[in-house]
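**Q** Following this line is my_file_2.cif, made up of mmCIF, C-alpha atoms and all ligand atoms:
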data_my_file
loop_
_atom_site.group_PDB
_atom_site.id
_atom_site.type_symbol
_atom_site.label_atom_id
_atom_site.label_comp_id
_atom_site.auth_asym_id
_atom_site.auth_seq_id
_atom_site.Cartn_x
_atom_site.Cartn_y
_atom_site.Cartn_z
ATOM 1 C CA MET A 1 -191.387 49.521 -68.984
ATOM 2 C CA ALA A 2 -193.321 51.348 -71.595
ATOM 3 C CA ALA A 3 -191.879 54.533 -73.036
ATOM 4 C CA PRO A 4 -194.505 57.229 -73.677
ATOM 5 C CA LEU A 5 -195.712 57.683 -77.245
ATOM 6 C CA THR A 6 -194.323 60.654 -79.147
ATOM 7 C CA ALA A 7 -196.657 63.454 -80.233
ATOM 8 C CA ASP A 8 -196.693 62.064 -83.773
ATOM 9 C CA GLN A 9 -197.503 58.572 -82.505
ATOM 10 C CA ILE A 10 -200.383 59.920 -80.401
ATOM 11 C CA VAL A 11 -201.894 61.742 -83.394
ATOM 12 C CA ARG A 12 -201.444 58.730 -85.659
ATOM 13 C CA ALA A 13 -202.999 56.326 -83.136
ATOM 14 C CA LEU A 14 -206.031 58.571 -82.572
ATOM 15 C CA ARG A 15 -206.657 59.214 -86.276
ATOM 16 C CA ASP A 16 -206.276 55.507 -87.121
ATOM 17 C CA GLU A 17 -208.951 54.809 -84.491
ATOM 18 C CA GLY A 18 -211.355 57.185 -86.254
ATOM 19 C CA VAL A 19 -211.010 60.023 -83.727
ATOM 20 C CA THR A 20 -211.508 63.608 -84.956
ATOM 21 C CA VAL A 21 -208.343 65.266 -83.662
ATOM 22 C CA VAL A 22 -207.637 68.973 -83.191
ATOM 23 C CA GLU A 23 -204.021 69.878 -82.481
ATOM 24 C CA VAL A 24 -204.090 72.973 -80.276
ATOM 25 C CA ARG A 25 -201.286 75.375 -81.181
ATOM 26 C CA GLY A 26 -198.211 74.661 -79.039
ATOM 27 C CA TRP A 27 -199.466 71.366 -77.597
ATOM 28 C CA ARG A 28 -196.364 69.371 -78.522
ATOM 29 C CA THR A 29 -194.140 71.360 -76.189
ATOM 30 C CA ASN A 30 -196.740 72.057 -73.487
ATOM 31 C CA ASN A 31 -195.864 69.807 -70.555
ATOM 32 C CA ARG A 32 -194.603 69.596 -66.973
ATOM 33 C CA ASN A 33 -191.528 67.497 -67.733
ATOM 34 C CA HIS A 34 -189.457 70.154 -65.907
ATOM 35 C CA VAL A 35 -191.023 69.284 -62.542
ATOM 36 C CA GLY A 36 -191.016 65.488 -62.672
ATOM 37 C CA LYS A 37 -190.857 62.271 -64.642
ATOM 38 C CA TRP A 38 -192.985 61.463 -67.677
ATOM 39 C CA GLY A 39 -193.025 57.671 -68.007
ATOM 40 C CA PRO A 40 -192.843 54.784 -67.866
ATOM 41 C CA VAL A 41 -196.524 54.824 -68.823
ATOM 42 C CA HIS A 42 -198.949 52.161 -67.649
ATOM 43 C CA GLY A 43 -202.429 53.313 -68.624
ATOM 44 C CA VAL A 44 -205.057 55.838 -69.641
ATOM 45 C CA MET A 45 -207.195 57.789 -67.161
ATOM 46 C CA LEU A 46 -210.578 59.368 -67.873
ATOM 47 C CA HIS A 47 -211.878 62.493 -66.131
ATOM 48 C CA HIS A 48 -214.714 64.999 -66.276
ATOM 49 C CA THR A 49 -213.999 68.732 -66.444
ATOM 50 C CA VAL A 50 -216.820 70.137 -64.251
ATOM 51 C CA THR A 51 -217.510 72.766 -66.940
ATOM 52 C CA PRO A 52 -220.882 73.910 -68.283
ATOM 53 C CA LYS A 53 -222.072 73.359 -71.837
ATOM 54 C CA SER A 54 -221.459 77.044 -72.636
ATOM 55 C CA MET A 55 -217.715 76.823 -71.950
ATOM 56 C CA SER A 56 -214.843 75.241 -73.831
ATOM 57 C CA ALA A 57 -212.509 73.475 -71.398
ATOM 58 C CA VAL A 58 -209.627 73.574 -73.885
ATOM 59 C CA SER A 59 -207.970 76.821 -72.709
ATOM 60 C CA MET A 60 -208.192 75.779 -69.076
ATOM 61 C CA CYS A 61 -206.775 72.310 -69.746
ATOM 62 C CA PHE A 62 -203.936 73.791 -71.835
ATOM 63 C CA GLY A 63 -202.896 76.489 -69.380
ATOM 64 C CA GLY A 64 -204.242 75.312 -66.032
ATOM 65 C CA THR A 65 -205.943 77.325 -63.334
ATOM 66 C CA GLY A 66 -204.521 79.719 -60.776
ATOM 67 C CA ASP A 67 -203.835 76.940 -58.317
ATOM 68 C CA LEU A 68 -203.046 74.122 -60.698
ATOM 69 C CA PRO A 69 -200.609 74.784 -63.536
ATOM 70 C CA GLY A 70 -201.381 73.184 -66.899
ATOM 71 C CA PRO A 71 -201.472 71.118 -68.886
ATOM 72 C CA LEU A 72 -204.295 69.371 -67.016
ATOM 73 C CA CYS A 73 -204.451 66.372 -69.386
ATOM 74 C CA HIS A 74 -203.271 65.192 -72.799
ATOM 75 C CA GLY A 75 -206.537 65.566 -74.662
ATOM 76 C CA VAL A 76 -209.851 67.305 -74.048
ATOM 77 C CA ILE A 77 -212.823 65.298 -75.293
ATOM 78 C CA ARG A 78 -215.470 67.861 -76.154
ATOM 79 C CA ARG A 79 -219.216 67.289 -76.143
ATOM 80 C CA ASP A 80 -219.192 67.209 -79.958
ATOM 81 C CA GLY A 81 -216.831 64.229 -79.929
ATOM 82 C CA THR A 82 -213.725 66.105 -81.079
ATOM 83 C CA VAL A 83 -210.478 65.456 -79.203
ATOM 84 C CA HIS A 84 -208.307 68.554 -78.658
ATOM 85 C CA LEU A 85 -204.690 67.710 -77.922
ATOM 86 C CA VAL A 86 -203.064 69.939 -75.288
ATOM 87 C CA SER A 87 -199.964 67.979 -74.220
ATOM 88 C CA ALA A 88 -197.646 65.150 -75.201
ATOM 89 C CA GLY A 89 -195.745 65.070 -71.904
ATOM 90 C CA ARG A 90 -196.244 65.077 -68.179
ATOM 91 C CA ALA A 91 -199.607 66.622 -67.249
ATOM 92 C CA ASN A 92 -201.322 67.552 -63.981
ATOM 93 C CA HIS A 93 -204.287 65.182 -63.989
ATOM 94 C CA ALA A 94 -203.935 61.982 -61.996
ATOM 95 C CA GLY A 95 -202.265 63.258 -58.832
ATOM 96 C CA GLY A 96 -201.834 60.897 -55.886
ATOM 97 C CA GLY A 97 -203.474 57.476 -55.907
ATOM 98 C CA ASP A 98 -203.259 53.917 -54.662
ATOM 99 C CA PRO A 99 -200.138 51.829 -55.491
ATOM 100 C CA ASP A 100 -202.309 48.678 -55.405
ATOM 101 C CA VAL A 101 -204.402 50.154 -58.217
ATOM 102 C CA LEU A 102 -201.253 51.027 -60.176
ATOM 103 C CA ALA A 103 -200.006 47.433 -59.809
ATOM 104 C CA ALA A 104 -203.395 46.023 -60.872
ATOM 105 C CA VAL A 105 -203.432 48.288 -63.950
ATOM 106 C CA LYS A 106 -199.814 47.534 -64.808
ATOM 107 C CA ASN A 107 -200.470 43.778 -64.682
ATOM 108 C CA GLU A 108 -204.065 44.081 -65.898
ATOM 109 C CA SER A 109 -204.780 41.717 -63.023
ATOM 110 C CA TYR A 110 -208.291 42.561 -61.900
ATOM 111 C CA GLY A 111 -211.874 41.597 -62.673
ATOM 112 C CA THR A 112 -214.537 44.174 -63.458
ATOM 113 C CA ARG A 113 -212.993 46.882 -61.298
ATOM 114 C CA PRO A 114 -209.527 47.504 -59.860
ATOM 115 C CA PRO A 115 -209.165 47.138 -56.065
ATOM 116 C CA ALA A 116 -210.883 50.029 -54.253
ATOM 117 C CA SER A 117 -208.494 52.948 -53.808
ATOM 118 C CA ASN A 118 -207.559 53.916 -50.248
ATOM 119 C CA GLU A 119 -205.358 56.845 -51.243
ATOM 120 C CA HIS A 120 -205.591 60.364 -52.684
ATOM 121 C CA GLN A 121 -203.446 63.421 -53.370
ATOM 122 C CA GLY A 122 -201.344 64.029 -50.262
ATOM 123 C CA SER A 123 -202.280 60.863 -48.346
ATOM 124 C CA ALA A 124 -199.434 58.981 -46.656
ATOM 125 C CA GLY A 125 -199.402 55.937 -48.923
ATOM 126 C CA ALA A 126 -200.185 57.657 -52.221
ATOM 127 C CA VAL A 127 -198.055 57.375 -55.334
ATOM 128 C CA ASP A 128 -197.931 60.003 -58.085
ATOM 129 C CA GLY A 129 -199.958 58.950 -61.125
ATOM 130 C CA ASN A 130 -198.832 61.804 -63.374
ATOM 131 C CA PRO A 131 -195.730 60.025 -64.722
ATOM 132 C CA HIS A 132 -197.707 56.875 -65.512
ATOM 133 C CA PHE A 133 -201.054 57.823 -67.050
ATOM 134 C CA TYR A 134 -202.251 59.513 -70.189
ATOM 135 C CA GLY A 135 -205.251 61.646 -69.268
ATOM 136 C CA PHE A 136 -208.390 62.642 -71.138
ATOM 137 C CA GLU A 137 -210.542 65.409 -69.666
ATOM 138 C CA CYS A 138 -214.109 65.021 -70.893
ATOM 139 C CA GLU A 139 -216.390 68.043 -70.890
ATOM 140 C CA ASN A 140 -219.235 67.499 -68.444
ATOM 141 C CA LEU A 141 -220.574 69.165 -65.321
ATOM 142 C CA GLY A 142 -219.914 65.985 -63.376
ATOM 143 C CA ASP A 143 -223.042 66.412 -61.284
ATOM 144 C CA GLY A 144 -224.454 63.047 -62.275
ATOM 145 C CA LYS A 145 -227.265 64.780 -64.192
ATOM 146 C CA ASP A 146 -225.560 66.505 -67.102
ATOM 147 C CA PRO A 147 -226.095 64.153 -70.059
ATOM 148 C CA TRP A 148 -223.155 62.720 -71.991
ATOM 149 C CA PRO A 149 -223.770 62.886 -75.761
ATOM 150 C CA ALA A 150 -223.362 59.488 -77.466
ATOM 151 C CA VAL A 151 -220.811 60.951 -79.880
ATOM 152 C CA GLN A 152 -218.678 62.112 -76.928
ATOM 153 C CA VAL A 153 -218.805 58.731 -75.168
ATOM 154 C CA GLU A 154 -217.876 57.040 -78.455
ATOM 155 C CA ALA A 155 -214.847 59.392 -78.666
ATOM 156 C CA MET A 156 -213.875 58.431 -75.088
ATOM 157 C CA VAL A 157 -213.965 54.762 -76.070
ATOM 158 C CA ARG A 158 -212.020 55.357 -79.283
ATOM 159 C CA ALA A 159 -209.391 57.670 -77.781
ATOM 160 C CA SER A 160 -208.722 55.236 -74.940
ATOM 161 C CA ALA A 161 -208.592 52.254 -77.301
ATOM 162 C CA ALA A 162 -206.218 54.145 -79.609
ATOM 163 C CA LEU A 163 -203.536 54.603 -76.954
ATOM 164 C CA LEU A 164 -204.033 51.125 -75.497
ATOM 165 C CA ARG A 165 -203.707 49.596 -78.973
ATOM 166 C CA ALA A 166 -200.539 51.581 -79.671
ATOM 167 C CA HIS A 167 -199.024 50.103 -76.504
ATOM 168 C CA GLN A 168 -200.534 46.648 -77.065
ATOM 169 C CA TRP A 169 -202.352 46.907 -73.744
ATOM 170 C CA GLY A 170 -205.813 45.540 -72.948
ATOM 171 C CA GLU A 171 -208.917 47.372 -71.750
ATOM 172 C CA LYS A 172 -207.896 47.008 -68.093
ATOM 173 C CA SER A 173 -205.223 49.622 -68.675
ATOM 174 C CA ALA A 174 -208.011 52.217 -68.874
ATOM 175 C CA ILE A 175 -209.366 53.483 -65.560
ATOM 176 C CA GLY A 176 -211.389 56.413 -64.262
ATOM 177 C CA HIS A 177 -210.000 58.994 -61.866
ATOM 178 C CA LEU A 178 -212.513 57.675 -59.299
ATOM 179 C CA GLU A 179 -210.743 54.313 -59.423
ATOM 180 C CA TRP A 180 -207.377 55.956 -58.763
ATOM 181 C CA SER A 181 -208.212 58.327 -55.904
ATOM 182 C CA ASP A 182 -210.777 57.784 -53.147
ATOM 183 C CA TRP A 183 -211.458 61.536 -53.266
ATOM 184 C CA LYS A 184 -212.633 61.553 -56.863
ATOM 185 C CA SER A 185 -215.899 60.769 -58.625
ATOM 186 C CA ASP A 186 -214.986 61.232 -62.269
ATOM 187 C CA PRO A 187 -216.156 60.380 -64.813
ATOM 188 C CA LYS A 188 -219.677 60.589 -63.423
ATOM 189 C CA GLY A 189 -222.961 60.607 -65.292
ATOM 190 C CA PRO A 190 -226.583 59.608 -65.428
ATOM 191 C CA ASP A 191 -227.746 56.244 -66.748
ATOM 192 C CA ASN A 192 -224.321 54.777 -66.089
ATOM 193 C CA VAL A 193 -223.209 55.623 -69.653
ATOM 194 C CA VAL A 194 -219.735 56.467 -68.381
ATOM 195 C CA SER A 195 -219.331 53.660 -65.832
ATOM 196 C CA MET A 196 -215.782 52.365 -66.193
ATOM 197 C CA PRO A 197 -216.764 48.665 -66.421
ATOM 198 C CA GLY A 198 -219.167 49.580 -69.241
ATOM 199 C CA LEU A 199 -216.563 51.688 -71.032
ATOM 200 C CA ARG A 200 -213.971 48.907 -70.645
ATOM 201 C CA THR A 201 -216.384 46.431 -72.255
ATOM 202 C CA ARG A 202 -216.742 48.749 -75.252
ATOM 203 C CA ILE A 203 -212.979 49.343 -75.387
ATOM 204 C CA ALA A 204 -212.348 45.572 -75.316
ATOM 205 C CA ASP A 205 -214.822 45.175 -78.185
ATOM 206 C CA ARG A 206 -212.901 47.780 -80.192
ATOM 207 C CA LEU A 207 -209.544 46.191 -79.450
ATOM 208 C CA ALA A 208 -210.850 42.873 -80.775
ATOM 209 C CA HIS A 209 -211.437 44.613 -84.128
ATOM 210 C CA PRO A 210 -209.119 46.586 -86.426
ATOM 211 C CA ALA A 211 -208.629 50.279 -85.546
ATOM 212 C CA ASN A 212 -210.863 51.493 -88.393
ATOM 213 C CA TRP A 213 -213.851 49.445 -87.147
ATOM 214 C CA THR A 214 -217.168 51.225 -86.654
ATOM 215 C CA PRO A 215 -219.765 49.299 -84.659
ATOM 216 C CA GLY A 216 -223.245 49.235 -86.224
ATOM 217 C CA THR A 217 -224.727 51.151 -83.305
ATOM 218 C CA ALA A 218 -222.046 53.840 -83.122
ATOM 219 C CA PRO A 219 -222.975 57.474 -83.759
ATOM 220 C CA LYS A 220 -221.403 59.051 -86.804
ATOM 221 C CA PRO A 221 -218.037 60.591 -85.932
ATOM 222 C CA PRO A 222 -217.878 64.401 -86.110
ATOM 223 C CA ALA A 223 -216.847 66.019 -89.361
ATOM 224 C CA PRO A 224 -213.135 66.610 -89.834
ATOM 225 C CA LYS A 225 -211.764 69.883 -88.499
ATOM 226 C CA PRO A 226 -208.728 71.863 -89.616
ATOM 227 C CA PRO A 227 -205.700 69.822 -88.481
ATOM 228 C CA VAL A 228 -204.385 72.666 -86.332
ATOM 229 C CA GLU A 229 -206.714 75.053 -84.599
ATOM 230 C CA ASP A 230 -206.031 78.019 -82.419
ATOM 231 C CA ASP A 231 -209.041 77.536 -80.225
ATOM 232 C CA MET A 232 -207.804 79.283 -77.120
ATOM 233 C CA GLN A 233 -210.986 81.087 -76.269
ATOM 234 C CA PRO A 234 -211.225 84.109 -73.982
ATOM 235 C CA ILE A 235 -211.902 82.916 -70.465
ATOM 236 C CA ASP A 236 -213.223 84.572 -67.348
ATOM 237 C CA VAL A 237 -210.117 86.298 -66.033
ATOM 238 C CA TRP A 238 -211.371 86.586 -62.481
ATOM 239 C CA ALA A 239 -212.323 82.940 -62.250
ATOM 240 C CA TYR A 240 -208.761 81.837 -62.955
ATOM 241 C CA ARG A 241 -206.647 84.422 -61.161
ATOM 242 C CA ASN A 242 -204.252 83.235 -58.492
ATOM 243 C CA ALA A 243 -206.606 83.092 -55.521
ATOM 244 C CA LYS A 244 -203.887 83.408 -52.848
ATOM 245 C CA ALA A 245 -202.143 86.409 -54.392
ATOM 246 C CA ASP A 246 -205.478 88.041 -55.045
ATOM 247 C CA ALA A 247 -206.673 87.555 -51.453
ATOM 248 C CA ALA A 248 -203.402 89.062 -50.175
ATOM 249 C CA SER A 249 -203.802 92.048 -52.478
ATOM 250 C CA VAL A 250 -207.372 92.651 -51.344
ATOM 251 C CA ALA A 251 -206.326 92.319 -47.668
ATOM 252 C CA ALA A 252 -203.568 94.909 -48.232
ATOM 253 C CA GLY A 253 -206.139 97.343 -49.639
ATOM 254 C CA HIS A 254 -204.920 97.192 -53.248
ATOM 255 C CA GLY A 255 -208.041 95.522 -54.617
ATOM 256 C CA HIS A 256 -208.160 92.537 -56.970
ATOM 257 C CA ILE A 257 -205.128 91.790 -59.099
ATOM 258 C CA PRO A 258 -205.338 90.071 -62.466
ATOM 259 C CA ASP A 259 -202.900 87.283 -63.337
ATOM 260 C CA ALA A 260 -200.656 87.458 -66.426
ATOM 261 C CA TYR A 261 -203.498 86.344 -68.635
ATOM 262 C CA GLY A 262 -205.721 89.008 -67.118
ATOM 263 C CA HIS A 263 -203.111 91.694 -67.879
ATOM 264 C CA LEU A 264 -202.933 90.424 -71.439
ATOM 265 C CA VAL A 265 -206.719 90.624 -71.814
ATOM 266 C CA GLN A 266 -206.788 94.137 -70.350
ATOM 267 C CA THR A 267 -203.981 95.253 -72.666
ATOM 268 C CA HIS A 268 -205.766 93.718 -75.627
ATOM 269 C CA GLN A 269 -208.978 95.532 -74.724
ATOM 270 C CA MET A 270 -207.112 98.855 -74.376
ATOM 271 C CA VAL A 271 -205.379 98.412 -77.745
ATOM 272 C CA ALA A 272 -208.671 97.513 -79.410
ATOM 273 C CA GLY A 273 -210.212 100.656 -77.905
ATOM 274 C CA LEU A 274 -207.298 102.808 -79.138
ATOM 275 C CA VAL A 275 -207.511 101.372 -82.653
ATOM 276 C CA ALA A 276 -211.220 102.202 -82.780
ATOM 277 C CA ALA A 277 -210.594 105.730 -81.432
ATOM 278 C CA VAL A 278 -207.844 106.400 -84.004
ATOM 279 C CA ALA A 279 -210.078 105.138 -86.824
ATOM 280 C CA ASN A 280 -212.813 107.485 -85.614
ATOM 281 C CA LEU A 281 -210.407 110.451 -85.492
ATOM 282 C CA THR A 282 -209.007 109.661 -88.944
ATOM 283 C CA ALA A 283 -212.518 109.606 -90.402
ATOM 284 C CA ARG A 284 -213.389 112.924 -88.753
ATOM 285 C CA VAL A 285 -210.180 114.596 -89.960
ATOM 286 C CA ALA A 286 -210.879 113.363 -93.498
ATOM 287 C CA ASP A 287 -214.401 114.742 -93.195
ATOM 288 C CA LEU A 288 -213.102 118.146 -92.042
ATOM 289 C CA GLU A 289 -210.554 118.247 -94.864
ATOM 290 C CA ALA A 290 -213.289 117.494 -97.412
ATOM 291 C CA ARG A 291 -215.375 120.362 -96.076
ATOM 292 C CA ASN A 292 -212.467 122.840 -95.945
ATOM 293 C CA PRO A 293 -210.217 122.141 -98.951
ATOM 294 C CA SER A 294 -206.927 123.973 -98.504
HETATM 295 ZN ZN ZN B 1 -210.145 63.872 -62.571
#
Is it possible to give me this structure as structure tokens?
Ligand SMILES: [Zn+2]

**A**
Amino acid sequence: MAAPLTADQIVRALRDEGVTVVEVRGWRTNNRNHVGKWGPVHGVMLHHTVTPKSMSAVSMCFGGTGDLPGPLCHGVIRRDGTVHLVSAGRANHAGGGDPDVLAAVKNESYGTRPPASNEHQGSAGAVDGNPHFYGFECENLGDGKDPWPAVQVEAMVRASAALLRAHQWGEKSAIGHLEWSDWKSDPKGPDNVVSMPGLRTRIADRLAHPANWTPGTAPKPPAPKPPVEDDMQPIDVWAYRNAKADAASVAAGHGHIPDAYGHLVQTHQMVAGLVAAVANLTARVADLEARNPS
């Protein structure tokens, strides 16, 4: 029975392992503990985000999508190797999976790979993985072609090793989503650089060394960032609206409806427009006064 690490313990473990951490504003209290259990924890799960290079996945993983409320993981591992923390509690990432896999992870009783999963979200024999796994979402298209930068893969190894070390677990406590659910393929990449057996070998190598170890072949870790960053970037409102509510609105002849975030963006745009208009008016009044002194 392993109690989950606290937010402070997560940060400490990652930094000790040489990970460049960004604490996203509000991450410590961003969780889904109100809908279900968080813990006991048994392992770490790696994912890919299915996002293009041009997009930060941090906002989406913090807040979720229209159909899937956030947080969608504990940390986002960006292509530059930085790890952005978005939750320290229950997160929507593992979903349903195979109890045989959970047992094999819990006991670390498997060879190169856990037993093949026969379950997925909603299948009759599935168990919920969200109470039991830390999750890292790693930015990648997940099409098997999008390359994984070496610095990002190194961060995946280090972030996983950090949490395993803090719990005194071995490398077999780290699995990929594809090993948990027979519906999933993540993390997926070319040249097998993110194959779970390969990653577990590197994690085991790390765990055999002190946390501050840097292997000779490792890429240089990214430069330190400000400890807390408000990197919630504007996202495509329409892509993340509630699809069901929107479809109903369109069917009823009311057109598309934005979600709460969409309203916020619209309001922000209107206010920005008003501020600019007032500044313009003020300048013109001042100009008129200068020309016609009273
Ligand atoms: Zn996944």

**Q** Using only C-alpha atoms and all ligand atoms, which residue out of A:Arg202, A:Arg158, A:Arg78, A:His47 lies closest to ligand ZN 1 (chain B)?

**A**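 For ligand ZN 1 (chain B), the nearest of the candidates is A:His47.
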
**Q** What would the selection look like, as a list in words, if the PyMOL selection byres (((not hetatm)) within 9 of (chain B and resi 1)) were run on the coordinates I just shared?

**A**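 Applying the expression gives Met45, Leu46, His47, His48, Thr49, His93, Ala94, Gly95, Gly135, Phe136, Glu137, Gly176, His177, Leu178, Ser181, Lys184, Ser185, Asp186 and Pro187 of chain A.
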
**Q** When you draw a straight line from atom CA of Ala174 of chain A to atom CA of Gly43 of chain A, how long is it in Å?

**A**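 Atom-to-atom, atom CA of Ala174 of chain A to atom CA of Gly43 of chain A, that is 5.7 Å.
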
**Q** Using only C-alpha atoms, what table do you get, as a tab-separated table, when you list each residue of segment 78-176 of chain A with an atom no more than 9 Å from segment 8-31 of chain A, its nearest pair of atoms, and their distance in Å rounded to one decimal, rows by chain then rising number?

**A**
residue	atom	partner	partner_atom	distance
A:Gly81	CA	A:Thr20	CA	7.3
A:Thr82	CA	A:Thr20	CA	5.1
A:Val83	CA	A:Val21	CA	4.9
A:His84	CA	A:Val22	CA	4.6
A:Leu85	CA	A:Glu23	CA	5.1
A:Val86	CA	A:Trp27	CA	4.5
A:Ser87	CA	A:Trp27	CA	4.8
A:Ala88	CA	A:Arg28	CA	5.5
A:Gly89	CA	A:Asn31	CA	4.9
A:Arg90	CA	A:Asn31	CA	5.3
A:Ala91	CA	A:Asn31	CA	5.9
A:Asn92	CA	A:Asn31	CA	8.8
A:Ala155	CA	A:Val19	CA	6.4
A:Arg158	CA	A:Glu17	CA	6.1
A:Ala159	CA	A:Leu14	CA	5.9
A:Ser160	CA	A:Leu14	CA	8.8
A:Ala161	CA	A:Glu17	CA	7.6
A:Ala162	CA	A:Ala13	CA	5.2
A:Leu163	CA	A:Ala13	CA	6.4
A:Arg165	CA	A:Ala13	CA	7.9
A:Ala166	CA	A:Ala13	CA	6.4

**Q** Suppose you want the space between atom CA of Pro222 of chain A and atom CA of Gly75 of chain A; what is it in Å?

**A**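 For atom CA of Pro222 of chain A relative to atom CA of Gly75 of chain A, the distance reads 16.2 Å.
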
**Q** I'd like the contact shell of Pro197 of chain A - 10 Å cut-off, only C-alpha atoms, skipping same-chain residues fewer than 6 positions apart - returned as a ChimeraX atom specification.

**A** /A:111-114,171-172,174-176,203

**Q** Quick one: pull the distance between atom CA of His42 of chain A and atom CA of Gly170 of chain A, Å, one decimal.

**A**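 So the answer is 10.9 Å.
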
**Q** Go through A:Asp80, A:Asn118, A:Gln152, A:Asp67 and flag the residue nearest Pro99 of chain A, using only C-alpha atoms for the distances.

**A** A:Asn118

**Q** Hey, what comes out of the PyMOL selection byres (((chain A and resi 119) around 9) and not hetatm) on this file? Could you write it as a ChimeraX atom specification?

**A** /A:96-99,117-118,120-127,180-183

**Q** Return the single residue from A:Gly39, A:Gly63, A:Gly144, A:Pro215 that is closest to Asp128 of chain A, with distances computed using all atoms listed in the file.

**A**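 Of A:Gly39, A:Gly63, A:Gly144, A:Pro215, the one nearest Asp128 of chain A is A:Gly39, counting all atoms listed in the file.
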
**Q** Please write the residues picked by the PyMOL selection byres (((chain A and resi 132) around 7) and not hetatm) on this file as a PyMOL selection string.

**A** chain A and resi 38-43+129-131+133

**Q** So, with only C-alpha atoms as the atoms that count, which of A:His209, A:His74, A:Met60, A:Cys138 lies closest to Ala7 of chain A?

**A**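 Between A:His209, A:His74, A:Met60, A:Cys138, the residue approaching Ala7 of chain A most closely is A:His74.
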
**Q** Within 8 Å of Pro219 of chain A, counting all atoms listed in the file, which residues show up once you throw out same-chain ones fewer than 3 positions away? Write them as number ranges by chain, please.

**A** A: 150-151, 154

**Q** I'd like the box whose edges run along x, y and z of the file and which contains every listed atom of segment 85-102 of chain A, padded by 6 Å per side; could you state its centre and edge lengths in Å, one decimal, as JSON?

**A**
{"center_x": -200.2, "center_y": 59.3, "center_z": -66.3, "size_x": 20.9, "size_y": 33.3, "size_z": 35.3}

**Q** Give me segment 113-162 of chain A from this structure - C-alpha atoms, as an mmCIF file, in the first residue's frame.

**A**
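Listing of out00.cif after writing:
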data_model
loop_
_atom_site.group_PDB
_atom_site.id
_atom_site.type_symbol
_atom_site.label_atom_id
_atom_site.label_comp_id
_atom_site.auth_asym_id
_atom_site.auth_seq_id
_atom_site.Cartn_x
_atom_site.Cartn_y
_atom_site.Cartn_z
ATOM 1 C CA ARG A 113 6.808 -6.860 -20.963
ATOM 2 C CA PRO A 114 3.760 -7.212 -18.714
ATOM 3 C CA PRO A 115 1.139 -9.789 -19.786
ATOM 4 C CA ALA A 116 -0.767 -8.585 -22.870
ATOM 5 C CA SER A 117 -3.785 -6.510 -21.862
ATOM 6 C CA ASN A 118 -7.223 -7.879 -22.750
ATOM 7 C CA GLU A 119 -9.154 -4.930 -21.341
ATOM 8 C CA HIS A 120 -9.870 -1.255 -22.045
ATOM 9 C CA GLN A 121 -12.055 1.610 -20.845
ATOM 10 C CA GLY A 122 -15.573 0.233 -20.433
ATOM 11 C CA SER A 123 -14.788 -3.453 -21.038
ATOM 12 C CA ALA A 124 -16.398 -5.957 -18.664
ATOM 13 C CA GLY A 125 -13.258 -7.019 -16.816
ATOM 14 C CA ALA A 126 -11.476 -3.663 -16.717
ATOM 15 C CA VAL A 127 -10.232 -2.000 -13.556
ATOM 16 C CA ASP A 128 -9.754 1.756 -13.163
ATOM 17 C CA GLY A 129 -6.087 2.737 -13.401
ATOM 18 C CA ASN A 130 -6.574 6.376 -12.405
ATOM 19 C CA PRO A 131 -6.259 5.788 -8.643
ATOM 20 C CA HIS A 132 -3.086 3.739 -9.086
ATOM 21 C CA PHE A 133 -0.846 5.403 -11.670
ATOM 22 C CA TYR A 134 1.048 8.638 -11.983
ATOM 23 C CA GLY A 135 0.793 9.767 -15.597
ATOM 24 C CA PHE A 136 3.136 11.671 -17.884
ATOM 25 C CA GLU A 137 1.747 12.980 -21.173
ATOM 26 C CA CYS A 138 4.577 13.390 -23.663
ATOM 27 C CA GLU A 139 4.138 15.786 -26.561
ATOM 28 C CA ASN A 140 4.143 13.862 -29.828
ATOM 29 C CA LEU A 141 1.777 13.301 -32.727
ATOM 30 C CA GLY A 142 1.755 9.595 -31.955
ATOM 31 C CA ASP A 143 1.639 8.656 -35.622
ATOM 32 C CA GLY A 144 4.781 6.561 -35.432
ATOM 33 C CA LYS A 145 6.609 9.083 -37.640
ATOM 34 C CA ASP A 146 6.880 12.224 -35.539
ATOM 35 C CA PRO A 147 10.422 12.127 -34.120
ATOM 36 C CA TRP A 148 11.042 12.165 -30.373
ATOM 37 C CA PRO A 149 13.877 14.566 -29.469
ATOM 38 C CA ALA A 150 16.624 12.885 -27.409
ATOM 39 C CA VAL A 151 16.266 15.522 -24.690
ATOM 40 C CA GLN A 152 12.552 14.681 -24.358
ATOM 41 C CA VAL A 153 13.155 10.922 -24.134
ATOM 42 C CA GLU A 154 15.851 11.560 -21.517
ATOM 43 C CA ALA A 155 13.264 13.580 -19.524
ATOM 44 C CA MET A 156 10.800 10.662 -19.800
ATOM 45 C CA VAL A 157 13.435 8.327 -18.375
ATOM 46 C CA ARG A 158 14.384 10.749 -15.601
ATOM 47 C CA ALA A 159 10.829 11.703 -14.619
ATOM 48 C CA SER A 160 9.793 8.053 -14.418
ATOM 49 C CA ALA A 161 12.917 7.098 -12.467
ATOM 50 C CA ALA A 162 12.351 10.011 -10.073
#
